[in-house]
Amino acid sequence: MERSFSIPISRRDLFKLAGLTAAGVVLSGGSSHVNAAENTSGDTIKYADKKIPVLGLVDVCICGGGPAGTAAAVNAARNGVSVGLIERGIALGGLGVLGCVYPFMDTHAPDSDTPYLAEVKERLRGYGIEPFDGVTGQTWHNPETLALIHDEMCAEAGVNILYQAVLVDALKSGNKITTAIVQTIAGLAAVKAKTFIDATGDAYLSRMVGVDYERGYEKTGNNQPLSFRFEMGGIDTERLYQYVAIDLKEDWCKSKLPYFEIAEAMHRKQRYKLEEFMARGVESGELTQDEAEYMQAYTIIGKNGVMSMNCPEIPVKFSATDPISYSKAVTFGRKMMRNIARYLINHLPGFENAFISREAVMLGARESWRVKGKYYMVEDDYHNQSRFPDAVCRTAWFIDAHGEKVSEKLPAGGFYEIPYRALVTDKISNLIVAGRCISASFILQASMRIQPTCISIGEAAGIAAAYGLQNRIDANEIDWANIPAYKRSYVSQG
Ligand SMILES: Cc1cc2nc3c(=O)[nH]c(=O)nc-3n(C[C@H](O)[C@H](O)[C@H](O)COP(=O)(O)OP(=O)(O)OC[C@H]3O[C@@H](n4cnc5c(N)ncnc54)[C@H](O)[C@@H]3O)c2cc1C
């Protein structure tokens with residue numbers, strides 16, 4: 001496979017800012033510009049009445065460098081195609097890094113690790129981060145180490161990363177995407193590709209090009225609640241462990257230090273031992289009911305005395321898909337964060353000298369927009385443990401739709417599979433969708449959204465993108481089952 005398009009531009013020049021004149025142009029996103037550009041030359045295009053540089057001419061352009069997008073990028077590049085990865089932050093890993101979401105949950109499905117996912121875990125170990133606690137199946141990573149590993153894997157595979165680059169629009173020709181329009185540090189620019197992967201989590205690319213989508217729960221219209229995650233440092237974890245695990249006899253966390261978790265979620269009726277502790281904060285007026293409702297914290301391996309806080313959970317009236325409501329959620333969530341931290345510092349043994357050491361730079365959206373693809377996954381796929389010949393991975397994480405539905409776990413050894421057809425649509429022939437915004441109902445997405453599953457989906461998307469180009473098959477016509485088994489990251493056990 002060629003390493004770049006036929007337009008004569010050396011691979012070394014890909015993503016190099018060449019002759020950029022449009023620096024500082026006002027961001028002018030929105031689908032109104034789809035098809036509004038015309039080619040003016042090999043290295044510039046006309047877009048919204050401006051001449052903007054073409055920063056990349058690649059085989060595969062991946063939008064969003066979260067768990068799914070990074071996996072897609074590395075796997076496409078390893079399979080012999082040129083890859084551009086567009087990420088609006090300055091670290092890869094998405095919610096797992098920018099959103100302080102930690103650790104990778106256990107899929108609860110036997111043998112669910114696809115090769116790339118297993119390699120990421122192995123590389124953590126190489127940096128002295130032992131990801132396994134010996135009891136649970138979760139992966140205790142370390143966000144900064146994960147970001148470094150992602151950079152290294154991309155560099156080794158030859159992925160061109162464009163950081164601090166926001167996808168704002170996309171251009172189409174017929175039913176194909178031709179160009180991503182990106183707001184870079186220097187202004188608007190274009191990235192051209194043959195195949196595109198939407199790994200934005202928010203189905204942003206798909207929505208820009210007219211793919212059908214859903215958002216929120218069909219019964220309420222609400223998205224899953226947002227969370228504004230953070231980290232606290234200065235914690236005496238031995239003292240915390242003594243108080244929660246030994247004095248209170250809370251047996252929620254089965255693993256022992258340095259792998260330790262505290263949790264309470266009032267609406268789940270699990271009767272966690274810390275529920276009373278948080279309720280006392282409401283009685284005293286130090287916490288609101290919303291702040292007391294949900295609190296969870298995990299030790300972070302390699303960051304002694306630091307815990308990853310899976311809270312505050314922001315009331316569901318704040319929307320993950322309305323820009324004004326979302327912005328208000330940030331302000332509201334930051335205040336909740338401060339109150340929860342203060343309460344823990346003042347009252348929870350081990351937190352006496354603690355402080356907020358890091359705020360997420362990405363609000364935690366569990367669910368926002370989801371595409372409607374060739375296959376639409378539904379709750380029955382979970383309960384029926386569906387199998388598909390074109391399955392790209394398996395998972396069995398329970399249905400975890402906060403505030404709406406929490407399912408029973410599947411019986412031990414049970415799992416369902418995710419078909420490649422849930423990653424592609426009838427509308428756009430050269431688009432693959434990866435990660436939490438694939439074609440699934442609100443309730444099913446609440447199970448498949450965990451990071452390991454998103455990584456495995458991304459891994460398959462990258463492999464398929466390369467395979468399609470090398471075999472001249474449109475991305476949405478690829479039959480994953482026809483890809484030689486040795487190339488596939490997952491073969492259905494159907
Ligand atoms: C509060 C919370 C707690 C969670 N807890 C866990 C947990 O404990 N364990 C677990 O495994 N999973 C957990 N999850 C789920 C998991 O983190 C996500 O579902 C998963 O990260 C989704 O991966 P993704 O790659 O699809 O998207 P994301 O992680 O959302 O990544 C998307 C990436 O695309 C980038 N992007 C978006 N739009 C653009 C654009 N226009 N231009 C350029 N870049 C863009 C973003 O910056 C980001 O890097 C949690 C989620 C939340 C919100």
# chains A, B, ... in the order shown; residues from 1 in each chain; ligands from 1
call {"tool": "closest_atom_pairs", "arguments": {"of": "region 204-231 of chain A", "to": "region 346-364 of chain A", "cutoff": "8 Å", "atoms": "only C-alpha atoms", "output": "tab-separated table"}}
result
residue	atom	partner	partner_atom	distance
A:Leu226	CA	A:Gly364	CA	5.4
A:Ser227	CA	A:Gly364	CA	4.8
A:Phe228	CA	A:Leu363	CA	5.3
A:Arg229	CA	A:Ala360	CA	5.6
A:Phe230	CA	A:Glu359	CA	4.4
A:Glu231	CA	A:Arg358	CA	5.0
call {"tool": "select_by_dssp", "arguments": {"residues": "region 184-417 of chain A", "states": "helix (DSSP H, G or I)", "output": "PyMOL selection string"}}
result
chain A and resi 204-208+237-247+266-268+274-284+289-293+323-347+379-383
call {"tool": "select_by_dssp", "arguments": {"residues": "region 272-441 of chain A", "states": "strand (DSSP E)", "output": "PyMOL selection string"}}
result
chain A and resi 294-300+303-309+355-359+364-365+369-371+391-395+400-401+405-406+416-419+431-433
call {"tool": "residues_near_ligand", "arguments": {"ligand": "ligand 1", "cutoff": "7 Å", "atoms": "only C-alpha atoms and all ligand atoms", "output": "VMD selection string"}}
result
chain A and resid 63 to 69 86 to 89 92 to 96 98 101 to 105 165 to 168 199 to 202 204 226 to 229 310 364 to 366 434 to 437 449 to 452 454
call {"tool": "closest_residue", "arguments": {"among": "A:Leu344, A:Val433, A:Val316, A:Ile483", "to": "Glu367 (chain A)", "atoms": "only C-alpha atoms"}}
result
A:Val316
call {"tool": "residues_around", "arguments": {"residues": "Thr288 (chain A)", "least_positions_apart": "2", "cutoff": "12 Å", "atoms": "only C-alpha atoms", "output": "number ranges by chain"}}
result
A: 278-286, 290-294, 312-315, 335-340, 343
call {"tool": "residues_around", "arguments": {"residues": "Thr425 (chain A)", "least_positions_apart": "4", "cutoff": "9 Å", "atoms": "only C-alpha atoms", "output": "ChimeraX atom specification"}}
result
/A:211-212,371-375,421,429,431-433,439,476
call {"tool": "write_last_selection", "arguments": {"atoms": "N, CA and C atoms", "output": "PDB file, in the first residue's frame"}}
result
ATOM      1  N   VAL A 211     -24.761  11.403   8.749  1.00  0.00           N
ATOM      2  CA  VAL A 211     -25.124  10.058   9.214  1.00  0.00           C
ATOM      3  C   VAL A 211     -26.237  10.187  10.260  1.00  0.00           C
ATOM      4  N   ASP A 212     -27.179   9.274  10.248  1.00  0.00           N
ATOM      5  CA  ASP A 212     -28.254   9.290  11.248  1.00  0.00           C
ATOM      6  C   ASP A 212     -27.663   8.991  12.622  1.00  0.00           C
ATOM      7  N   VAL A 371     -24.217   6.797  16.541  1.00  0.00           N
ATOM      8  CA  VAL A 371     -24.648   6.678  15.146  1.00  0.00           C
ATOM      9  C   VAL A 371     -25.674   5.558  15.005  1.00  0.00           C
ATOM     10  N   LYS A 372     -26.406   5.596  13.913  1.00  0.00           N
ATOM     11  CA  LYS A 372     -27.257   4.457  13.561  1.00  0.00           C
ATOM     12  C   LYS A 372     -26.635   3.800  12.347  1.00  0.00           C
ATOM     13  N   GLY A 373     -26.130   2.625  12.547  1.00  0.00           N
ATOM     14  CA  GLY A 373     -25.345   1.954  11.520  1.00  0.00           C
ATOM     15  C   GLY A 373     -26.075   0.791  10.883  1.00  0.00           C
ATOM     16  N   LYS A 374     -25.317  -0.027  10.197  1.00  0.00           N
ATOM     17  CA  LYS A 374     -25.918  -1.166   9.481  1.00  0.00           C
ATOM     18  C   LYS A 374     -26.520  -2.166  10.458  1.00  0.00           C
ATOM     19  N   TYR A 375     -25.890  -2.315  11.628  1.00  0.00           N
ATOM     20  CA  TYR A 375     -26.480  -3.138  12.683  1.00  0.00           C
ATOM     21  C   TYR A 375     -26.648  -2.241  13.898  1.00  0.00           C
ATOM     22  N   ARG A 421     -20.616  -4.623  11.586  1.00  0.00           N
ATOM     23  CA  ARG A 421     -21.703  -3.828  10.980  1.00  0.00           C
ATOM     24  C   ARG A 421     -22.222  -2.720  11.902  1.00  0.00           C
ATOM     25  N   SER A 429     -19.617   5.577   2.541  1.00  0.00           N
ATOM     26  CA  SER A 429     -18.947   4.304   2.235  1.00  0.00           C
ATOM     27  C   SER A 429     -17.539   4.200   2.804  1.00  0.00           C
ATOM     28  N   LEU A 431     -16.400   5.451   5.790  1.00  0.00           N
ATOM     29  CA  LEU A 431     -16.399   5.845   7.213  1.00  0.00           C
ATOM     30  C   LEU A 431     -16.549   4.618   8.110  1.00  0.00           C
ATOM     31  N   ILE A 432     -15.676   4.552   9.125  1.00  0.00           N
ATOM     32  CA  ILE A 432     -15.816   3.545  10.185  1.00  0.00           C
ATOM     33  C   ILE A 432     -15.948   4.321  11.494  1.00  0.00           C
ATOM     34  N   VAL A 433     -16.831   3.872  12.347  1.00  0.00           N
ATOM     35  CA  VAL A 433     -17.038   4.529  13.646  1.00  0.00           C
ATOM     36  C   VAL A 433     -16.472   3.611  14.722  1.00  0.00           C
ATOM     37  N   SER A 439     -23.010   2.147  16.710  1.00  0.00           N
ATOM     38  CA  SER A 439     -24.449   1.990  16.540  1.00  0.00           C
ATOM     39  C   SER A 439     -25.011   1.064  17.626  1.00  0.00           C
ATOM     40  N   ASN A 476     -17.522   0.351   4.302  1.00  0.00           N
ATOM     41  CA  ASN A 476     -18.836  -0.117   4.772  1.00  0.00           C
ATOM     42  C   ASN A 476     -19.314  -1.378   4.044  1.00  0.00           C
TER      43      ASN A 476
END
call {"tool": "closest_residue", "arguments": {"among": "A:Met295, A:Val306, A:Cys393, A:Ile300", "to": "His267 (chain A)", "atoms": "only C-alpha atoms"}}
result
A:Met295
call {"tool": "atom_distance", "arguments": {"atom1": "CA of Ala118 (chain A)", "atom2": "CA of Lys254 (chain A)"}}
result
23.2 Å
call {"tool": "residues_around", "arguments": {"residues": "region 106-114 of chain A", "least_positions_apart": "6", "cutoff": "7 Å", "atoms": "only C-alpha atoms", "output": "PyMOL selection string"}}
result
chain A and resi 137-138+393-397+413-415+456+489-490
call {"tool": "residues_around", "arguments": {"residues": "His383 (chain A)", "least_positions_apart": "6", "cutoff": "10 Å", "atoms": "only C-alpha atoms", "output": "number ranges by chain"}}
result
A: 396, 398-399, 407-411, 414-416, 444
call {"tool": "write_last_selection", "arguments": {"atoms": "N, CA and C atoms", "output": "PDB file, in the first residue's frame"}}
result
ATOM      1  N   ALA A 396     -18.758  -8.262  28.442  1.00  0.00           N
ATOM      2  CA  ALA A 396     -19.864  -8.674  29.310  1.00  0.00           C
ATOM      3  C   ALA A 396     -20.023  -7.702  30.479  1.00  0.00           C
ATOM      4  N   PHE A 398     -21.675  -5.175  32.695  1.00  0.00           N
ATOM      5  CA  PHE A 398     -23.127  -5.086  32.855  1.00  0.00           C
ATOM      6  C   PHE A 398     -23.678  -3.764  32.295  1.00  0.00           C
ATOM      7  N   ILE A 399     -24.983  -3.712  32.140  1.00  0.00           N
ATOM      8  CA  ILE A 399     -25.621  -2.483  31.670  1.00  0.00           C
ATOM      9  C   ILE A 399     -25.583  -1.485  32.824  1.00  0.00           C
ATOM     10  N   SER A 407     -28.133  -3.544  35.120  1.00  0.00           N
ATOM     11  CA  SER A 407     -28.579  -4.934  34.930  1.00  0.00           C
ATOM     12  C   SER A 407     -27.828  -5.879  35.855  1.00  0.00           C
ATOM     13  N   GLU A 408     -28.316  -7.078  35.926  1.00  0.00           N
ATOM     14  CA  GLU A 408     -27.561  -8.175  36.536  1.00  0.00           C
ATOM     15  C   GLU A 408     -26.373  -8.466  35.635  1.00  0.00           C
ATOM     16  N   LYS A 409     -25.309  -9.003  36.247  1.00  0.00           N
ATOM     17  CA  LYS A 409     -24.200  -9.467  35.411  1.00  0.00           C
ATOM     18  C   LYS A 409     -24.647 -10.711  34.652  1.00  0.00           C
ATOM     19  N   LEU A 410     -24.014 -10.958  33.515  1.00  0.00           N
ATOM     20  CA  LEU A 410     -24.283 -12.215  32.802  1.00  0.00           C
ATOM     21  C   LEU A 410     -23.718 -13.375  33.625  1.00  0.00           C
ATOM     22  N   PRO A 411     -24.232 -14.585  33.434  1.00  0.00           N
ATOM     23  CA  PRO A 411     -23.661 -15.727  34.156  1.00  0.00           C
ATOM     24  C   PRO A 411     -22.166 -15.845  33.864  1.00  0.00           C
ATOM     25  N   GLY A 414     -20.212 -15.880  30.486  1.00  0.00           N
ATOM     26  CA  GLY A 414     -21.092 -15.360  29.434  1.00  0.00           C
ATOM     27  C   GLY A 414     -20.540 -14.081  28.823  1.00  0.00           C
ATOM     28  N   PHE A 415     -20.930 -13.806  27.608  1.00  0.00           N
ATOM     29  CA  PHE A 415     -20.528 -12.568  26.938  1.00  0.00           C
ATOM     30  C   PHE A 415     -21.368 -12.379  25.687  1.00  0.00           C
ATOM     31  N   TYR A 416     -21.347 -11.182  25.147  1.00  0.00           N
ATOM     32  CA  TYR A 416     -21.930 -10.949  23.829  1.00  0.00           C
ATOM     33  C   TYR A 416     -20.843 -10.376  22.935  1.00  0.00           C
ATOM     34  N   LEU A 444     -27.852  -0.495  25.564  1.00  0.00           N
ATOM     35  CA  LEU A 444     -26.739  -1.393  25.214  1.00  0.00           C
ATOM     36  C   LEU A 444     -25.408  -0.652  25.321  1.00  0.00           C
TER      37      LEU A 444
END
call {"tool": "residues_around", "arguments": {"residues": "Leu248 (chain A)", "least_positions_apart": "6", "cutoff": "9 Å", "atoms": "only C-alpha atoms", "output": "mmCIF file with C-alpha atoms, in the first residue's frame"}}
result
data_model
loop_
_atom_site.group_PDB
_atom_site.id
_atom_site.type_symbol
_atom_site.label_atom_id
_atom_site.label_comp_id
_atom_site.auth_asym_id
_atom_site.auth_seq_id
_atom_site.Cartn_x
_atom_site.Cartn_y
_atom_site.Cartn_z
ATOM 1 C CA GLN A 242 -7.467 0.880 58.017
ATOM 2 C CA LYS A 273 -20.471 1.572 54.467
ATOM 3 C CA LEU A 274 -19.534 5.097 53.353
#
call {"tool": "closest_residue", "arguments": {"among": "A:Asp474, A:Leu188, A:Val83, A:Met153", "to": "Ile52 (chain A)", "atoms": "only C-alpha atoms"}}
result
A:Leu188
call {"tool": "atom_distance", "arguments": {"atom1": "CA of Thr321 (chain A)", "atom2": "CA of Arg370 (chain A)"}}
result
11.1 Å
call {"tool": "atom_distance", "arguments": {"atom1": "CA of Gln270 (chain A)", "atom2": "CA of Ile443 (chain A)"}}
result
21.0 Å
call {"tool": "closest_atom_pairs", "arguments": {"of": "region 79-179 of chain A", "to": "region 459-473 of chain A", "cutoff": "8 Å", "atoms": "only C-alpha atoms", "output": "tab-separated table"}}
result
residue	atom	partner	partner_atom	distance
A:Asn79	CA	A:Ala466	CA	6.0
A:Gly80	CA	A:Ala466	CA	6.9
A:Val81	CA	A:Ala466	CA	5.9
A:Tyr116	CA	A:Glu459	CA	6.8
call {"tool": "write_last_selection", "arguments": {"atoms": "N, CA and C atoms", "output": "short mmCIF file (atom, residue, chain, number, x, y, z; two decimals), in the first residue's frame"}}
result
data_model
loop_
_atom_site.label_atom_id
_atom_site.label_comp_id
_atom_site.auth_asym_id
_atom_site.auth_seq_id
_atom_site.Cartn_x
_atom_site.Cartn_y
_atom_site.Cartn_z
N ASN A 79 -0.62 -2.05 9.81
CA ASN A 79 -1.07 -2.87 8.68
C ASN A 79 -0.74 -2.24 7.34
N GLY A 80 0.16 -1.26 7.36
CA GLY A 80 0.77 -0.83 6.11
C GLY A 80 0.17 0.35 5.40
N VAL A 81 -0.67 1.14 6.09
CA VAL A 81 -1.21 2.34 5.43
C VAL A 81 -0.73 3.59 6.17
N TYR A 116 -3.73 -5.90 20.68
CA TYR A 116 -3.23 -4.55 20.99
C TYR A 116 -3.52 -4.19 22.44
#
call {"tool": "closest_residue", "arguments": {"among": "A:Gln224, A:Ser255, A:Asn160, A:Thr44", "to": "Lys317 (chain A)", "atoms": "only C-alpha atoms"}}
result
A:Gln224
call {"tool": "decode", "arguments": {"residues": "region 246-269 of chain A", "atoms": "N, CA and C atoms", "output": "short mmCIF file (atom, residue, chain, number, x, y, z; two decimals), in the first residue's frame"}}
result
data_model
loop_
_atom_site.label_atom_id
_atom_site.label_comp_id
_atom_site.auth_asym_id
_atom_site.auth_seq_id
_atom_site.Cartn_x
_atom_site.Cartn_y
_atom_site.Cartn_z
N ILE A 246 -10.96 -2.01 57.36
CA ILE A 246 -10.83 -2.79 58.60
C ILE A 246 -11.81 -2.29 59.67
N ASP A 247 -11.79 -0.98 59.98
CA ASP A 247 -12.69 -0.50 61.04
C ASP A 247 -14.16 -0.58 60.60
N LEU A 248 -14.46 -0.08 59.40
CA LEU A 248 -15.86 -0.12 58.93
C LEU A 248 -16.25 -1.48 58.35
N LYS A 249 -15.26 -2.31 58.12
CA LYS A 249 -15.48 -3.66 57.52
C LYS A 249 -16.18 -3.56 56.15
N GLU A 250 -15.83 -2.56 55.39
CA GLU A 250 -16.36 -2.46 54.02
C GLU A 250 -15.63 -3.47 53.16
N ASP A 251 -16.38 -4.40 52.57
CA ASP A 251 -15.71 -5.43 51.76
C ASP A 251 -15.96 -5.23 50.27
N TRP A 252 -16.38 -4.03 49.88
CA TRP A 252 -16.61 -3.74 48.45
C TRP A 252 -15.34 -3.97 47.65
N CYS A 253 -14.23 -3.43 48.15
CA CYS A 253 -12.96 -3.58 47.42
C CYS A 253 -12.29 -4.87 47.86
N LYS A 254 -12.12 -5.78 46.92
CA LYS A 254 -11.56 -7.09 47.26
C LYS A 254 -10.03 -7.07 47.26
N SER A 255 -9.44 -6.10 46.56
CA SER A 255 -7.97 -6.09 46.48
C SER A 255 -7.38 -5.29 47.65
N LYS A 256 -6.09 -5.48 47.83
CA LYS A 256 -5.41 -4.84 48.96
C LYS A 256 -4.45 -3.77 48.44
N LEU A 257 -4.08 -2.85 49.32
CA LEU A 257 -3.12 -1.82 48.93
C LEU A 257 -1.91 -2.46 48.27
N PRO A 258 -1.32 -1.85 47.25
CA PRO A 258 -1.59 -0.48 46.78
C PRO A 258 -2.82 -0.34 45.88
N TYR A 259 -3.56 -1.46 45.68
CA TYR A 259 -4.78 -1.39 44.84
C TYR A 259 -5.98 -1.26 45.77
N PHE A 260 -6.52 -0.08 45.90
CA PHE A 260 -7.60 0.09 46.86
C PHE A 260 -8.63 1.08 46.33
N GLU A 261 -9.88 0.75 46.60
CA GLU A 261 -10.99 1.54 46.07
C GLU A 261 -12.00 1.78 47.17
N ILE A 262 -12.51 3.00 47.26
CA ILE A 262 -13.65 3.25 48.13
C ILE A 262 -14.82 3.69 47.24
N ALA A 263 -16.02 3.38 47.67
CA ALA A 263 -17.17 3.69 46.80
C ALA A 263 -18.45 3.80 47.61
N GLU A 264 -19.34 4.61 47.12
CA GLU A 264 -20.74 4.60 47.56
C GLU A 264 -21.58 5.24 46.46
N ALA A 265 -22.76 4.67 46.27
CA ALA A 265 -23.69 5.20 45.27
C ALA A 265 -25.08 4.99 45.85
N MET A 266 -25.65 6.06 46.38
CA MET A 266 -26.89 5.91 47.16
C MET A 266 -28.02 5.27 46.37
N HIS A 267 -28.12 5.66 45.06
CA HIS A 267 -29.25 5.17 44.28
C HIS A 267 -29.13 3.67 43.97
N ARG A 268 -27.95 3.09 44.18
CA ARG A 268 -27.80 1.67 43.83
C ARG A 268 -28.27 0.73 44.93
N LYS A 269 -28.53 1.29 46.09
CA LYS A 269 -29.02 0.50 47.22
C LYS A 269 -28.10 -0.69 47.56
#
